[in-house]
$ cat work_17.pdb   # PDB, C-alpha atoms, pLDDT in the B column
ATOM      1  CA  MET P 182      78.342 117.941  88.863  1.00 95.00           C
ATOM      2  CA  ARG P 183      81.500 117.859  90.989  1.00 98.00           C
ATOM      3  CA  VAL P 184      84.718 116.746  89.292  1.00 98.00           C
ATOM      4  CA  VAL P 185      88.196 116.162  90.664  1.00 98.00           C
ATOM      5  CA  SER P 186      90.879 116.082  87.980  1.00 98.00           C
ATOM      6  CA  LEU P 187      94.221 114.329  88.410  1.00 98.00           C
ATOM      7  CA  VAL P 188      95.614 115.404  85.021  1.00 98.00           C
ATOM      8  CA  PRO P 189      96.637 118.998  84.198  1.00 97.00           C
ATOM      9  CA  SER P 190      95.479 118.928  80.576  1.00 97.00           C
ATOM     10  CA  LEU P 191      92.110 117.389  81.514  1.00 98.00           C
ATOM     11  CA  THR P 192      91.679 120.013  84.221  1.00 98.00           C
ATOM     12  CA  GLU P 193      92.101 122.740  81.634  1.00 98.00           C
ATOM     13  CA  ALA P 194      89.721 121.007  79.212  1.00 98.00           C
ATOM     14  CA  VAL P 195      86.918 120.669  81.759  1.00 98.00           C
ATOM     15  CA  ALA P 196      87.405 124.082  83.358  1.00 97.00           C
ATOM     16  CA  GLU P 197      87.347 125.839  79.978  1.00 96.00           C
ATOM     17  CA  THR P 198      84.263 123.919  78.847  1.00 97.00           C
ATOM     18  CA  LEU P 199      82.267 123.650  82.075  1.00 97.00           C
ATOM     19  CA  PRO P 200      83.189 126.511  84.442  1.00 96.00           C
ATOM     20  CA  GLY P 201      82.607 125.663  88.091  1.00 95.00           C
ATOM     21  CA  VAL P 202      82.492 121.890  87.617  1.00 98.00           C
ATOM     22  CA  VAL P 203      86.073 121.209  88.724  1.00 98.00           C
ATOM     23  CA  VAL P 204      86.226 121.274  92.543  1.00 98.00           C
ATOM     24  CA  GLY P 205      89.652 119.687  93.004  1.00 98.00           C
ATOM     25  CA  ALA P 206      92.852 119.352  91.003  1.00 98.00           C
ATOM     26  CA  THR P 207      96.509 118.447  91.433  1.00 97.00           C
ATOM     27  CA  ASP P 208      99.225 120.875  92.433  1.00 96.00           C
ATOM     28  CA  TRP P 209     100.464 120.680  88.813  1.00 95.00           C
ATOM     29  CA  CYS P 210      97.176 121.845  87.305  1.00 96.00           C
ATOM     30  CA  THR P 211      98.146 125.374  86.288  1.00 94.00           C
ATOM     31  CA  ARG P 212      95.501 126.083  83.631  1.00 94.00           C
ATOM     32  CA  PRO P 213      93.279 128.022  83.332  1.00 95.00           C
ATOM     33  CA  ALA P 214      95.430 130.701  84.941  1.00 92.00           C
ATOM     34  CA  ASP P 215      92.593 131.753  87.262  1.00 92.00           C
ATOM     35  CA  LEU P 216      91.778 128.217  88.437  1.00 95.00           C
ATOM     36  CA  SER P 217      90.812 128.373  92.106  1.00 94.00           C
ATOM     37  CA  VAL P 218      89.986 124.909  93.467  1.00 97.00           C
ATOM     38  CA  ALA P 219      91.069 122.592  96.264  1.00 98.00           C
ATOM     39  CA  ARG P 220      94.482 121.044  95.666  1.00 98.00           C
ATOM     40  CA  VAL P 221      94.815 117.308  96.141  1.00 98.00           C
ATOM     41  CA  GLY P 222      98.551 116.608  95.824  1.00 97.00           C
ATOM     42  CA  GLY P 223     100.473 115.425  92.778  1.00 96.00           C
ATOM     43  CA  THR P 224      99.606 113.240  89.818  1.00 96.00           C
ATOM     44  CA  LYS P 225     101.715 110.385  91.214  1.00 96.00           C
ATOM     45  CA  ASN P 226     100.980 110.981  94.899  1.00 96.00           C
ATOM     46  CA  PRO P 227      97.425 112.299  95.239  1.00 97.00           C
ATOM     47  CA  ARG P 228      95.932 112.803  98.689  1.00 97.00           C
ATOM     48  CA  LEU P 229      93.143 110.245  98.505  1.00 97.00           C
ATOM     49  CA  GLU P 230      91.350 111.324 101.678  1.00 97.00           C
ATOM     50  CA  ARG P 231      91.325 114.901 100.444  1.00 97.00           C
ATOM     51  CA  ILE P 232      89.822 113.780  97.131  1.00 98.00           C
ATOM     52  CA  LEU P 233      87.123 111.728  98.829  1.00 98.00           C
ATOM     53  CA  GLY P 234      86.389 114.582 101.223  1.00 97.00           C
ATOM     54  CA  LEU P 235      85.425 116.743  98.239  1.00 98.00           C
ATOM     55  CA  ALA P 236      82.593 114.274  97.491  1.00 97.00           C
ATOM     56  CA  PRO P 237      83.202 114.225  93.725  1.00 98.00           C
ATOM     57  CA  ASP P 238      80.652 112.789  91.328  1.00 98.00           C
ATOM     58  CA  LEU P 239      83.570 111.855  89.084  1.00 98.00           C
ATOM     59  CA  VAL P 240      87.353 111.647  89.286  1.00 98.00           C
ATOM     60  CA  ILE P 241      89.112 111.961  85.931  1.00 98.00           C
ATOM     61  CA  ALA P 242      92.520 110.421  85.373  1.00 98.00           C
ATOM     62  CA  ASN P 243      94.879 109.052  82.744  1.00 98.00           C
ATOM     63  CA  GLU P 244      96.438 105.612  82.479  1.00 96.00           C
ATOM     64  CA  GLU P 245      99.919 107.076  82.040  1.00 94.00           C
ATOM     65  CA  GLU P 246      99.807 110.105  84.337  1.00 95.00           C
ATOM     66  CA  ASN P 247      98.267 108.387  87.350  1.00 97.00           C
ATOM     67  CA  ARG P 248      99.079 105.210  89.275  1.00 97.00           C
ATOM     68  CA  ALA P 249      96.654 102.303  89.076  1.00 97.00           C
ATOM     69  CA  PRO P 250      96.823 101.564  92.856  1.00 98.00           C
ATOM     70  CA  ASP P 251      95.629 105.094  93.644  1.00 98.00           C
ATOM     71  CA  LEU P 252      92.743 104.826  91.189  1.00 98.00           C
ATOM     72  CA  ASP P 253      91.802 101.392  92.534  1.00 98.00           C
ATOM     73  CA  ALA P 254      91.798 102.772  96.083  1.00 98.00           C
ATOM     74  CA  LEU P 255      89.443 105.572  95.036  1.00 98.00           C
ATOM     75  CA  ARG P 256      87.080 103.060  93.402  1.00 98.00           C
ATOM     76  CA  THR P 257      87.178 100.842  96.484  1.00 98.00           C
ATOM     77  CA  ALA P 258      86.174 103.866  98.570  1.00 97.00           C
ATOM     78  CA  GLY P 259      83.174 104.407  96.310  1.00 97.00           C
ATOM     79  CA  ALA P 260      84.396 107.085  93.904  1.00 98.00           C
ATOM     80  CA  GLN P 261      83.528 106.957  90.216  1.00 98.00           C
ATOM     81  CA  VAL P 262      86.760 107.112  88.207  1.00 98.00           C
ATOM     82  CA  LEU P 263      87.072 107.731  84.474  1.00 98.00           C
ATOM     83  CA  VAL P 264      90.469 106.855  83.024  1.00 98.00           C
ATOM     84  CA  THR P 265      91.578 108.177  79.644  1.00 98.00           C
ATOM     85  CA  GLU P 266      94.169 106.660  77.326  1.00 97.00           C
ATOM     86  CA  VAL P 267      95.816 109.053  74.877  1.00 97.00           C
ATOM     87  CA  ARG P 268      98.780 107.919  72.810  1.00 96.00           C
ATOM     88  CA  GLU P 269      97.897 109.481  69.452  1.00 97.00           C
ATOM     89  CA  VAL P 270      96.507 112.850  68.394  1.00 97.00           C
ATOM     90  CA  THR P 271      93.368 111.402  66.818  1.00 96.00           C
ATOM     91  CA  GLN P 272      92.762 109.297  69.925  1.00 97.00           C
ATOM     92  CA  ALA P 273      92.864 112.473  72.006  1.00 97.00           C
ATOM     93  CA  PHE P 274      89.783 113.918  70.279  1.00 97.00           C
ATOM     94  CA  GLY P 275      87.629 110.886  71.049  1.00 97.00           C
ATOM     95  CA  GLU P 276      88.837 110.615  74.632  1.00 98.00           C
ATOM     96  CA  LEU P 277      88.279 114.310  75.290  1.00 98.00           C
ATOM     97  CA  ASP P 278      84.772 114.065  73.876  1.00 97.00           C
ATOM     98  CA  ARG P 279      84.037 111.011  76.046  1.00 98.00           C
ATOM     99  CA  MET P 280      85.452 112.655  79.162  1.00 98.00           C
ATOM    100  CA  LEU P 281      83.631 115.961  78.686  1.00 98.00           C
ATOM    101  CA  THR P 282      80.334 114.171  78.101  1.00 98.00           C
ATOM    102  CA  ALA P 283      80.847 112.244  81.336  1.00 98.00           C
ATOM    103  CA  CYS P 284      81.490 115.560  83.096  1.00 98.00           C
ATOM    104  CA  GLY P 285      78.141 116.937  81.936  1.00 96.00           C
ATOM    105  CA  ALA P 286      78.839 118.645  78.606  1.00 97.00           C
ATOM    106  CA  ARG P 287      75.727 118.553  76.415  1.00 95.00           C
ATOM    107  CA  THR P 288      77.438 119.800  73.278  1.00 95.00           C
ATOM    108  CA  ARG P 289      80.921 119.466  71.860  1.00 96.00           C
ATOM    109  CA  PRO P 290      82.997 122.548  72.738  1.00 97.00           C
ATOM    110  CA  ARG P 291      84.128 124.771  69.909  1.00 97.00           C
ATOM    111  CA  TRP P 292      87.787 124.475  70.888  1.00 97.00           C
ATOM    112  CA  LEU P 293      87.646 120.722  70.337  1.00 98.00           C
ATOM    113  CA  ASP P 294      86.276 121.168  66.817  1.00 97.00           C
ATOM    114  CA  GLU P 295      88.986 123.753  66.150  1.00 97.00           C
ATOM    115  CA  ALA P 296      91.652 121.407  67.469  1.00 97.00           C
ATOM    116  CA  GLU P 297      90.494 118.562  65.261  1.00 97.00           C
ATOM    117  CA  GLU P 298      90.503 120.870  62.245  1.00 97.00           C
ATOM    118  CA  ALA P 299      94.003 122.109  63.111  1.00 97.00           C
ATOM    119  CA  TRP P 300      95.306 118.538  62.962  1.00 98.00           C
ATOM    120  CA  SER P 301      93.343 117.421  59.889  1.00 96.00           C
ATOM    121  CA  ALA P 302      96.171 117.751  57.366  1.00 94.00           C
ATOM    122  CA  PRO P 303      97.726 114.540  55.972  1.00 95.00           C
ATOM    123  CA  VAL P 304     100.774 113.296  57.842  1.00 95.00           C
ATOM    124  CA  PRO P 305     103.857 114.471  55.917  1.00 95.00           C
ATOM    125  CA  GLU P 306     107.018 112.541  55.234  1.00 95.00           C
ATOM    126  CA  PRO P 307     109.575 113.269  57.961  1.00 95.00           C
ATOM    127  CA  ARG P 308     111.884 116.137  57.045  1.00 94.00           C
ATOM    128  CA  THR P 309     114.262 115.335  59.914  1.00 95.00           C
ATOM    129  CA  ARG P 310     114.879 112.803  62.665  1.00 96.00           C
ATOM    130  CA  ALA P 311     115.058 114.042  66.228  1.00 97.00           C
ATOM    131  CA  VAL P 312     116.046 113.104  69.720  1.00 98.00           C
ATOM    132  CA  VAL P 313     113.285 114.292  72.061  1.00 98.00           C
ATOM    133  CA  SER P 314     114.581 114.629  75.585  1.00 98.00           C
ATOM    134  CA  ILE P 315     112.139 114.843  78.475  1.00 97.00           C
ATOM    135  CA  TRP P 316     114.544 114.624  81.454  1.00 97.00           C
ATOM    136  CA  ARG P 317     118.159 114.881  82.452  1.00 96.00           C
ATOM    137  CA  ARG P 318     119.990 113.404  85.454  1.00 93.00           C
ATOM    138  CA  PRO P 319     119.414 110.806  84.083  1.00 96.00           C
ATOM    139  CA  TRP P 320     118.800 111.622  80.442  1.00 98.00           C
ATOM    140  CA  MET P 321     115.465 110.251  79.224  1.00 98.00           C
ATOM    141  CA  VAL P 322     113.907 110.520  75.767  1.00 98.00           C
ATOM    142  CA  LEU P 323     110.678 109.711  73.992  1.00 98.00           C
ATOM    143  CA  GLY P 324     110.571 106.104  72.853  1.00 97.00           C
ATOM    144  CA  ARG P 325     107.753 104.111  71.313  1.00 96.00           C
ATOM    145  CA  ASP P 326     104.021 104.746  71.386  1.00 95.00           C
ATOM    146  CA  THR P 327     103.779 108.238  72.886  1.00 97.00           C
ATOM    147  CA  PHE P 328     101.358 111.103  72.315  1.00 97.00           C
ATOM    148  CA  ALA P 329     104.183 113.634  71.999  1.00 97.00           C
ATOM    149  CA  GLY P 330     105.912 111.421  69.454  1.00 97.00           C
ATOM    150  CA  ASP P 331     102.755 111.359  67.355  1.00 98.00           C
ATOM    151  CA  VAL P 332     102.447 115.148  67.637  1.00 98.00           C
ATOM    152  CA  LEU P 333     105.945 115.543  66.197  1.00 98.00           C
ATOM    153  CA  ARG P 334     105.351 112.908  63.528  1.00 97.00           C
ATOM    154  CA  ARG P 335     102.379 114.904  62.268  1.00 98.00           C
ATOM    155  CA  LEU P 336     104.639 117.947  62.029  1.00 97.00           C
ATOM    156  CA  GLY P 337     107.214 116.146  59.912  1.00 97.00           C
ATOM    157  CA  VAL P 338     109.674 115.309  62.698  1.00 97.00           C
ATOM    158  CA  GLY P 339     110.533 111.644  63.144  1.00 96.00           C
ATOM    159  CA  ASN P 340     111.660 110.224  66.485  1.00 97.00           C
ATOM    160  CA  LEU P 341     115.007 108.419  66.390  1.00 97.00           C
ATOM    161  CA  TYR P 342     113.907 106.221  69.292  1.00 97.00           C
ATOM    162  CA  ALA P 343     110.380 105.465  68.067  1.00 96.00           C
ATOM    163  CA  ALA P 344     111.211 101.766  67.733  1.00 95.00           C
ATOM    164  CA  HIS P 345     112.755 101.461  71.205  1.00 96.00           C
ATOM    165  CA  SER P 346     111.296  98.727  73.405  1.00 95.00           C
ATOM    166  CA  GLU P 347     110.567 101.266  76.143  1.00 96.00           C
ATOM    167  CA  ARG P 348     108.269 104.274  75.969  1.00 96.00           C
ATOM    168  CA  TYR P 349     110.628 106.550  77.911  1.00 97.00           C
ATOM    169  CA  PRO P 350     114.096 104.993  77.755  1.00 98.00           C
ATOM    170  CA  ARG P 351     117.103 106.229  79.677  1.00 98.00           C
ATOM    171  CA  VAL P 352     119.872 106.912  77.176  1.00 98.00           C
ATOM    172  CA  PRO P 353     123.291 108.356  78.067  1.00 97.00           C
ATOM    173  CA  VAL P 354     123.839 111.772  76.540  1.00 97.00           C
ATOM    174  CA  GLU P 355     126.975 110.466  74.807  1.00 97.00           C
ATOM    175  CA  GLU P 356     124.817 107.970  72.937  1.00 97.00           C
ATOM    176  CA  LEU P 357     122.287 110.647  72.040  1.00 97.00           C
ATOM    177  CA  ASN P 358     125.040 112.763  70.502  1.00 97.00           C
ATOM    178  CA  ALA P 359     126.569 109.789  68.719  1.00 96.00           C
ATOM    179  CA  ALA P 360     123.227 109.117  67.010  1.00 95.00           C
ATOM    180  CA  ARG P 361     123.727 112.443  65.163  1.00 94.00           C
ATOM    181  CA  PRO P 362     120.077 113.500  65.037  1.00 97.00           C
ATOM    182  CA  GLY P 363     119.043 116.247  62.661  1.00 96.00           C
ATOM    183  CA  LEU P 364     117.384 117.992  65.596  1.00 97.00           C
ATOM    184  CA  VAL P 365     117.216 117.847  69.372  1.00 98.00           C
ATOM    185  CA  VAL P 366     113.820 118.756  70.841  1.00 98.00           C
ATOM    186  CA  LEU P 367     113.865 120.131  74.398  1.00 98.00           C
ATOM    187  CA  PRO P 368     110.447 120.890  75.956  1.00 98.00           C
ATOM    188  CA  ASP P 369     109.994 122.968  79.107  1.00 97.00           C
ATOM    189  CA  GLU P 370     108.169 120.128  80.881  1.00 94.00           C
ATOM    190  CA  PRO P 371     108.293 117.702  82.561  1.00 94.00           C
ATOM    191  CA  TYR P 372     111.936 118.830  82.853  1.00 96.00           C
ATOM    192  CA  ARG P 373     112.271 122.557  82.365  1.00 97.00           C
ATOM    193  CA  PHE P 374     114.862 122.815  79.610  1.00 98.00           C
ATOM    194  CA  THR P 375     115.975 126.379  78.869  1.00 97.00           C
ATOM    195  CA  ALA P 376     118.515 128.088  76.633  1.00 96.00           C
ATOM    196  CA  ALA P 377     120.986 127.816  79.525  1.00 97.00           C
ATOM    197  CA  ASP P 378     120.097 124.262  80.562  1.00 98.00           C
ATOM    198  CA  GLY P 379     120.028 121.617  77.843  1.00 97.00           C
ATOM    199  CA  PRO P 380     121.452 122.802  74.513  1.00 97.00           C
ATOM    200  CA  GLU P 381     125.018 122.853  75.866  1.00 97.00           C
ATOM    201  CA  ALA P 382     124.841 119.052  76.177  1.00 98.00           C
ATOM    202  CA  PHE P 383     124.470 118.747  72.397  1.00 97.00           C
ATOM    203  CA  PRO P 384     127.362 120.710  70.867  1.00 96.00           C
ATOM    204  CA  GLY P 385     127.036 121.244  67.137  1.00 95.00           C
ATOM    205  CA  LEU P 386     123.442 120.000  66.978  1.00 96.00           C
ATOM    206  CA  PRO P 387     120.418 122.246  66.369  1.00 97.00           C
ATOM    207  CA  CYS P 388     118.179 122.372  69.438  1.00 97.00           C
ATOM    208  CA  ALA P 389     114.512 123.386  69.495  1.00 98.00           C
ATOM    209  CA  LEU P 390     113.226 124.701  72.813  1.00 98.00           C
ATOM    210  CA  VAL P 391     109.487 124.039  72.694  1.00 98.00           C
ATOM    211  CA  SER P 392     106.410 124.460  74.865  1.00 97.00           C
ATOM    212  CA  GLY P 393     105.774 121.294  76.838  1.00 96.00           C
ATOM    213  CA  ARG P 394     102.110 122.215  77.119  1.00 96.00           C
ATOM    214  CA  HIS P 395     101.736 122.270  73.349  1.00 97.00           C
ATOM    215  CA  LEU P 396     103.791 119.101  72.916  1.00 98.00           C
ATOM    216  CA  THR P 397     102.286 116.906  75.634  1.00 97.00           C
ATOM    217  CA  TRP P 398      98.908 118.304  76.729  1.00 96.00           C
ATOM    218  CA  TYR P 399      95.636 117.198  75.168  1.00 95.00           C
ATOM    219  CA  GLY P 400      93.067 119.923  75.673  1.00 95.00           C
ATOM    220  CA  PRO P 401      92.391 123.456  74.403  1.00 97.00           C
ATOM    221  CA  SER P 402      96.102 123.892  73.604  1.00 96.00           C
ATOM    222  CA  LEU P 403      95.703 121.378  70.762  1.00 97.00           C
ATOM    223  CA  ALA P 404      94.040 124.047  68.617  1.00 97.00           C
ATOM    224  CA  GLU P 405      97.176 126.189  68.454  1.00 97.00           C
ATOM    225  CA  ALA P 406      99.806 123.490  68.976  1.00 98.00           C
ATOM    226  CA  PRO P 407     100.564 122.826  65.260  1.00 97.00           C
ATOM    227  CA  ARG P 408     101.341 126.482  64.613  1.00 97.00           C
ATOM    228  CA  VAL P 409     103.275 127.094  67.844  1.00 97.00           C
ATOM    229  CA  LEU P 410     105.375 123.940  67.609  1.00 97.00           C
ATOM    230  CA  ASP P 411     106.040 124.131  63.869  1.00 96.00           C
ATOM    231  CA  ARG P 412     107.383 127.648  64.253  1.00 96.00           C
ATOM    232  CA  ALA P 413     109.800 126.593  67.009  1.00 95.00           C
ATOM    233  CA  LEU P 414     110.927 123.456  65.200  1.00 95.00           C
ATOM    234  CA  ARG P 415     111.600 125.214  61.909  1.00 91.00           C
ATOM    235  CA  ALA P 416     113.418 128.083  63.578  1.00 90.00           C
ATOM    236  CA  ALA P 417     115.844 125.666  65.236  1.00 88.00           C
ATOM    237  CA  ALA P 418     116.473 123.723  62.049  1.00 73.00           C
ATOM    238  CA  ARG P 419     117.615 126.770  60.025  1.00 62.00           C
TER     239      ARG P 419
END
$ encode --input "work_17.pdb" --output "C-alpha cells"
Amino acid sequence: MRVVSLVPSLTEAVAETLPGVVVGATDWCTRPADLSVARVGGTKNPRLERILGLAPDLVIANEEENRAPDLDALRTAGAQVLVTEVREVTQAFGELDRMLTACGARTRPRWLDEAEEAWSAPVPEPRTRAVVSIWRRPWMVLGRDTFAGDVLRRLGVGNLYAAHSERYPRVPVEELNAARPGLVVLPDEPYRFTAADGPEAFPGLPCALVSGRHLTWYGPSLAEAPRVLDRALRAAAR
C-alpha cells in the first residue's frame, strides 16, 4: 500500500500505525519526528504532479484542510482520494478508524483505543468562557462547529464565539477584549503564539498558551491531549 497524506495529523496517524505505508506528505507534516518521505507542497497548495508521480494507492485528505479543486483534480487524474470530516472529538474516532482501515490496517491501533478512553468522561458544565485565537494580523478566532471548540468544551471551557455565523471569524482585538472573556486561549499553531507574542494584546486577561497539536490534531496526540491541555488551561486560570 502506498499512501500520500495531505493532512499533518493523518500523516502521523498512518505512520505510527502502518510504518512504511506513507510515501508522500505535505511540508507541514512534522510527525513522527523521523518521518522521511517525499514532500508534496502545502495543504492548500499541493504539487499535484508530484503526488501523481508517487503512484499512490490512496491519497488521504480532509474537507477543511484541503481545497476541493485540488482533490477533484487528483480524482480526475485517476487517484483514489479519501476525504475525512472531523468537527467533533467523537467523530474523530470513527473517521480515524475508517481512514486507517482504508490504508490497510487490519486491527484497530492501541493508541486509538487509548484516545477514545481518554475522552470518555461526561462533558462537564463550562467553568469559564474563552476567546480562542488562531491568528493575528488580522485577528481570527474559533467560531461555530469546530473540532478545537469541541475539544475545549469537553474540558469545561466554553467558546464565546461558538454561536457565530462563521467558523473562523475575523474579530478586531478591541472587540475581543471588550467581550471580557474569563480566559484567552492562544495555541502555537496555525499562528505561533508565544509568551512574547499574543498575551500582550489582552491586558488584564488570563492567557493560556497551549499546544496546537493537542488542540487541533486528530491522531495519536488525542490520547494525551486531555491531560496536556487541562494542565495548561487550569494553570492560566489561577
$ resolve_selection --input "work_17.pdb" --expression "the PyMOL selection byres ((chain P and resi 279-293) around 8)" --output "PyMOL selection string"
chain P and resi 182+184+194-195+198-199+202+239+241+263+265+274-278+294-297+400-401+404
$ atom_distance --input "work_17.pdb" --atom1 "CA of Pro407 in chain P" --atom2 "CA of Pro353 in chain P"
29.8 Å
$ resolve_selection --input "work_17.pdb" --expression "the PyMOL selection byres ((chain P and resi 245-256) around 8)" --output "list in words"
Leu187, Val188, Thr224, Lys225, Pro227, Leu229, Leu233, Ala242, Asn243, Glu244, Thr257, Ala258, Gly259, Ala260, Gln261, Val262 and Glu266 of chain P
$ closest_residue --input "work_17.pdb" --among "P:Leu341, P:Ala359, P:Ala206, P:Val313" --to "Thr397 in chain P" --atoms "only C-alpha atoms"
P:Val313
$ resolve_selection --input "work_17.pdb" --expression "the PyMOL selection byres ((chain P and resi 323-335) around 9)" --output "JSON, numbers by chain"
{"P": [267, 268, 269, 270, 273, 300, 302, 303, 304, 305, 306, 307, 312, 313, 314, 315, 321, 322, 336, 337, 338, 339, 340, 341, 342, 343, 344, 345, 346, 347, 348, 349, 350, 396, 397, 398, 399, 406, 407, 410, 411]}
$ write_last_selection --input "work_17.pdb" --atoms "C-alpha atoms" --output "PDB file, in the coordinates of the input"
ATOM      1  CA  VAL P 267      95.816 109.053  74.877  1.00 97.00           C
ATOM      2  CA  ARG P 268      98.780 107.919  72.810  1.00 96.00           C
ATOM      3  CA  GLU P 269      97.897 109.481  69.452  1.00 97.00           C
ATOM      4  CA  VAL P 270      96.507 112.850  68.394  1.00 97.00           C
ATOM      5  CA  ALA P 273      92.864 112.473  72.006  1.00 97.00           C
ATOM      6  CA  TRP P 300      95.306 118.538  62.962  1.00 98.00           C
ATOM      7  CA  ALA P 302      96.171 117.751  57.366  1.00 94.00           C
ATOM      8  CA  PRO P 303      97.726 114.540  55.972  1.00 95.00           C
ATOM      9  CA  VAL P 304     100.774 113.296  57.842  1.00 95.00           C
ATOM     10  CA  PRO P 305     103.857 114.471  55.917  1.00 95.00           C
ATOM     11  CA  GLU P 306     107.018 112.541  55.234  1.00 95.00           C
ATOM     12  CA  PRO P 307     109.575 113.269  57.961  1.00 95.00           C
ATOM     13  CA  VAL P 312     116.046 113.104  69.720  1.00 98.00           C
ATOM     14  CA  VAL P 313     113.285 114.292  72.061  1.00 98.00           C
ATOM     15  CA  SER P 314     114.581 114.629  75.585  1.00 98.00           C
ATOM     16  CA  ILE P 315     112.139 114.843  78.475  1.00 97.00           C
ATOM     17  CA  MET P 321     115.465 110.251  79.224  1.00 98.00           C
ATOM     18  CA  VAL P 322     113.907 110.520  75.767  1.00 98.00           C
ATOM     19  CA  LEU P 336     104.639 117.947  62.029  1.00 97.00           C
ATOM     20  CA  GLY P 337     107.214 116.146  59.912  1.00 97.00           C
ATOM     21  CA  VAL P 338     109.674 115.309  62.698  1.00 97.00           C
ATOM     22  CA  GLY P 339     110.533 111.644  63.144  1.00 96.00           C
ATOM     23  CA  ASN P 340     111.660 110.224  66.485  1.00 97.00           C
ATOM     24  CA  LEU P 341     115.007 108.419  66.390  1.00 97.00           C
ATOM     25  CA  TYR P 342     113.907 106.221  69.292  1.00 97.00           C
ATOM     26  CA  ALA P 343     110.380 105.465  68.067  1.00 96.00           C
ATOM     27  CA  ALA P 344     111.211 101.766  67.733  1.00 95.00           C
ATOM     28  CA  HIS P 345     112.755 101.461  71.205  1.00 96.00           C
ATOM     29  CA  SER P 346     111.296  98.727  73.405  1.00 95.00           C
ATOM     30  CA  GLU P 347     110.567 101.266  76.143  1.00 96.00           C
ATOM     31  CA  ARG P 348     108.269 104.274  75.969  1.00 96.00           C
ATOM     32  CA  TYR P 349     110.628 106.550  77.911  1.00 97.00           C
ATOM     33  CA  PRO P 350     114.096 104.993  77.755  1.00 98.00           C
ATOM     34  CA  LEU P 396     103.791 119.101  72.916  1.00 98.00           C
ATOM     35  CA  THR P 397     102.286 116.906  75.634  1.00 97.00           C
ATOM     36  CA  TRP P 398      98.908 118.304  76.729  1.00 96.00           C
ATOM     37  CA  TYR P 399      95.636 117.198  75.168  1.00 95.00           C
ATOM     38  CA  ALA P 406      99.806 123.490  68.976  1.00 98.00           C
ATOM     39  CA  PRO P 407     100.564 122.826  65.260  1.00 97.00           C
ATOM     40  CA  LEU P 410     105.375 123.940  67.609  1.00 97.00           C
ATOM     41  CA  ASP P 411     106.040 124.131  63.869  1.00 96.00           C
TER      42      ASP P 411
END
$ atom_distance --input "work_17.pdb" --atom1 "CA of His395 in chain P" --atom2 "CA of Pro213 in chain P"
14.3 Å
$ closest_residue --input "work_17.pdb" --among "P:Gly223, P:Glu193, P:Ala389, P:Pro319" --to "Ala417 in chain P" --atoms "only C-alpha atoms"
P:Ala389
$ atom_distance --input "work_17.pdb" --atom1 "CA of Pro237 in chain P" --atom2 "CA of Arg394 in chain P"
26.4 Å
$ residues_near_point --input "work_17.pdb" --point "(114.8, 121.8, 73.8)" --cutoff "6 Å" --atoms "only C-alpha atoms" --output "ChimeraX atom specification"
/P:366-368,374,388-391
$ closest_residue --input "work_17.pdb" --among "P:Arg212, P:Ala416, P:Trp316, P:Gln272" --to "Val352 in chain P" --atoms "all atoms listed in the file"
P:Trp316
$ closest_residue --input "work_17.pdb" --among "P:Arg318, P:Ser402, P:Ser392, P:Arg408" --to "Gly379 in chain P" --atoms "all atoms listed in the file"
P:Arg318
$ axis_aligned_box --input "work_17.pdb" --around "range 398-411 of chain P" --padding-each-side "3 Å" --output "lines of an AutoDock Vina configuration file"
center_x = 99.2
center_y = 122.1
center_z = 70.3
size_x = 19.6
size_y = 15.9
size_z = 18.9
$ decode --input "work_17.pdb" --residues "range 320-353 of chain P" --atoms "C-alpha atoms" --output "PDB file, in the first residue's frame"
ATOM      1  CA  TRP P 320      -7.145  38.564  14.474  1.00  0.00           C
ATOM      2  CA  MET P 321      -9.170  35.391  13.915  1.00  0.00           C
ATOM      3  CA  VAL P 322     -10.885  33.183  16.490  1.00  0.00           C
ATOM      4  CA  LEU P 323     -12.725  29.895  16.699  1.00  0.00           C
ATOM      5  CA  GLY P 324     -16.383  30.279  15.810  1.00  0.00           C
ATOM      6  CA  ARG P 325     -19.070  27.664  15.342  1.00  0.00           C
ATOM      7  CA  ASP P 326     -18.742  23.962  14.613  1.00  0.00           C
ATOM      8  CA  THR P 327     -15.012  23.334  15.055  1.00  0.00           C
ATOM      9  CA  PHE P 328     -13.057  20.338  16.318  1.00  0.00           C
ATOM     10  CA  ALA P 329     -10.901  22.503  18.588  1.00  0.00           C
ATOM     11  CA  GLY P 330     -14.008  24.114  20.039  1.00  0.00           C
ATOM     12  CA  ASP P 331     -15.386  20.690  20.907  1.00  0.00           C
ATOM     13  CA  VAL P 332     -12.058  19.709  22.485  1.00  0.00           C
ATOM     14  CA  LEU P 333     -12.259  22.725  24.794  1.00  0.00           C
ATOM     15  CA  ARG P 334     -15.943  22.160  25.524  1.00  0.00           C
ATOM     16  CA  ARG P 335     -15.124  18.671  26.776  1.00  0.00           C
ATOM     17  CA  LEU P 336     -12.533  20.209  29.089  1.00  0.00           C
ATOM     18  CA  GLY P 337     -15.009  22.635  30.618  1.00  0.00           C
ATOM     19  CA  VAL P 338     -14.072  25.694  28.549  1.00  0.00           C
ATOM     20  CA  GLY P 339     -16.872  27.320  26.578  1.00  0.00           C
ATOM     21  CA  ASN P 340     -16.219  29.315  23.409  1.00  0.00           C
ATOM     22  CA  LEU P 341     -17.574  32.870  23.470  1.00  0.00           C
ATOM     23  CA  TYR P 342     -17.958  32.791  19.687  1.00  0.00           C
ATOM     24  CA  ALA P 343     -19.480  29.311  19.390  1.00  0.00           C
ATOM     25  CA  ALA P 344     -22.726  30.768  18.039  1.00  0.00           C
ATOM     26  CA  HIS P 345     -21.035  32.972  15.428  1.00  0.00           C
ATOM     27  CA  SER P 346     -22.270  32.519  11.862  1.00  0.00           C
ATOM     28  CA  GLU P 347     -18.718  31.843  10.678  1.00  0.00           C
ATOM     29  CA  ARG P 348     -16.423  29.013  11.717  1.00  0.00           C
ATOM     30  CA  TYR P 349     -13.313  31.208  11.873  1.00  0.00           C
ATOM     31  CA  PRO P 350     -14.481  34.818  12.139  1.00  0.00           C
ATOM     32  CA  ARG P 351     -12.217  37.836  11.965  1.00  0.00           C
ATOM     33  CA  VAL P 352     -12.788  39.893  15.100  1.00  0.00           C
ATOM     34  CA  PRO P 353     -10.870  43.071  15.989  1.00  0.00           C
TER      35      PRO P 353
END
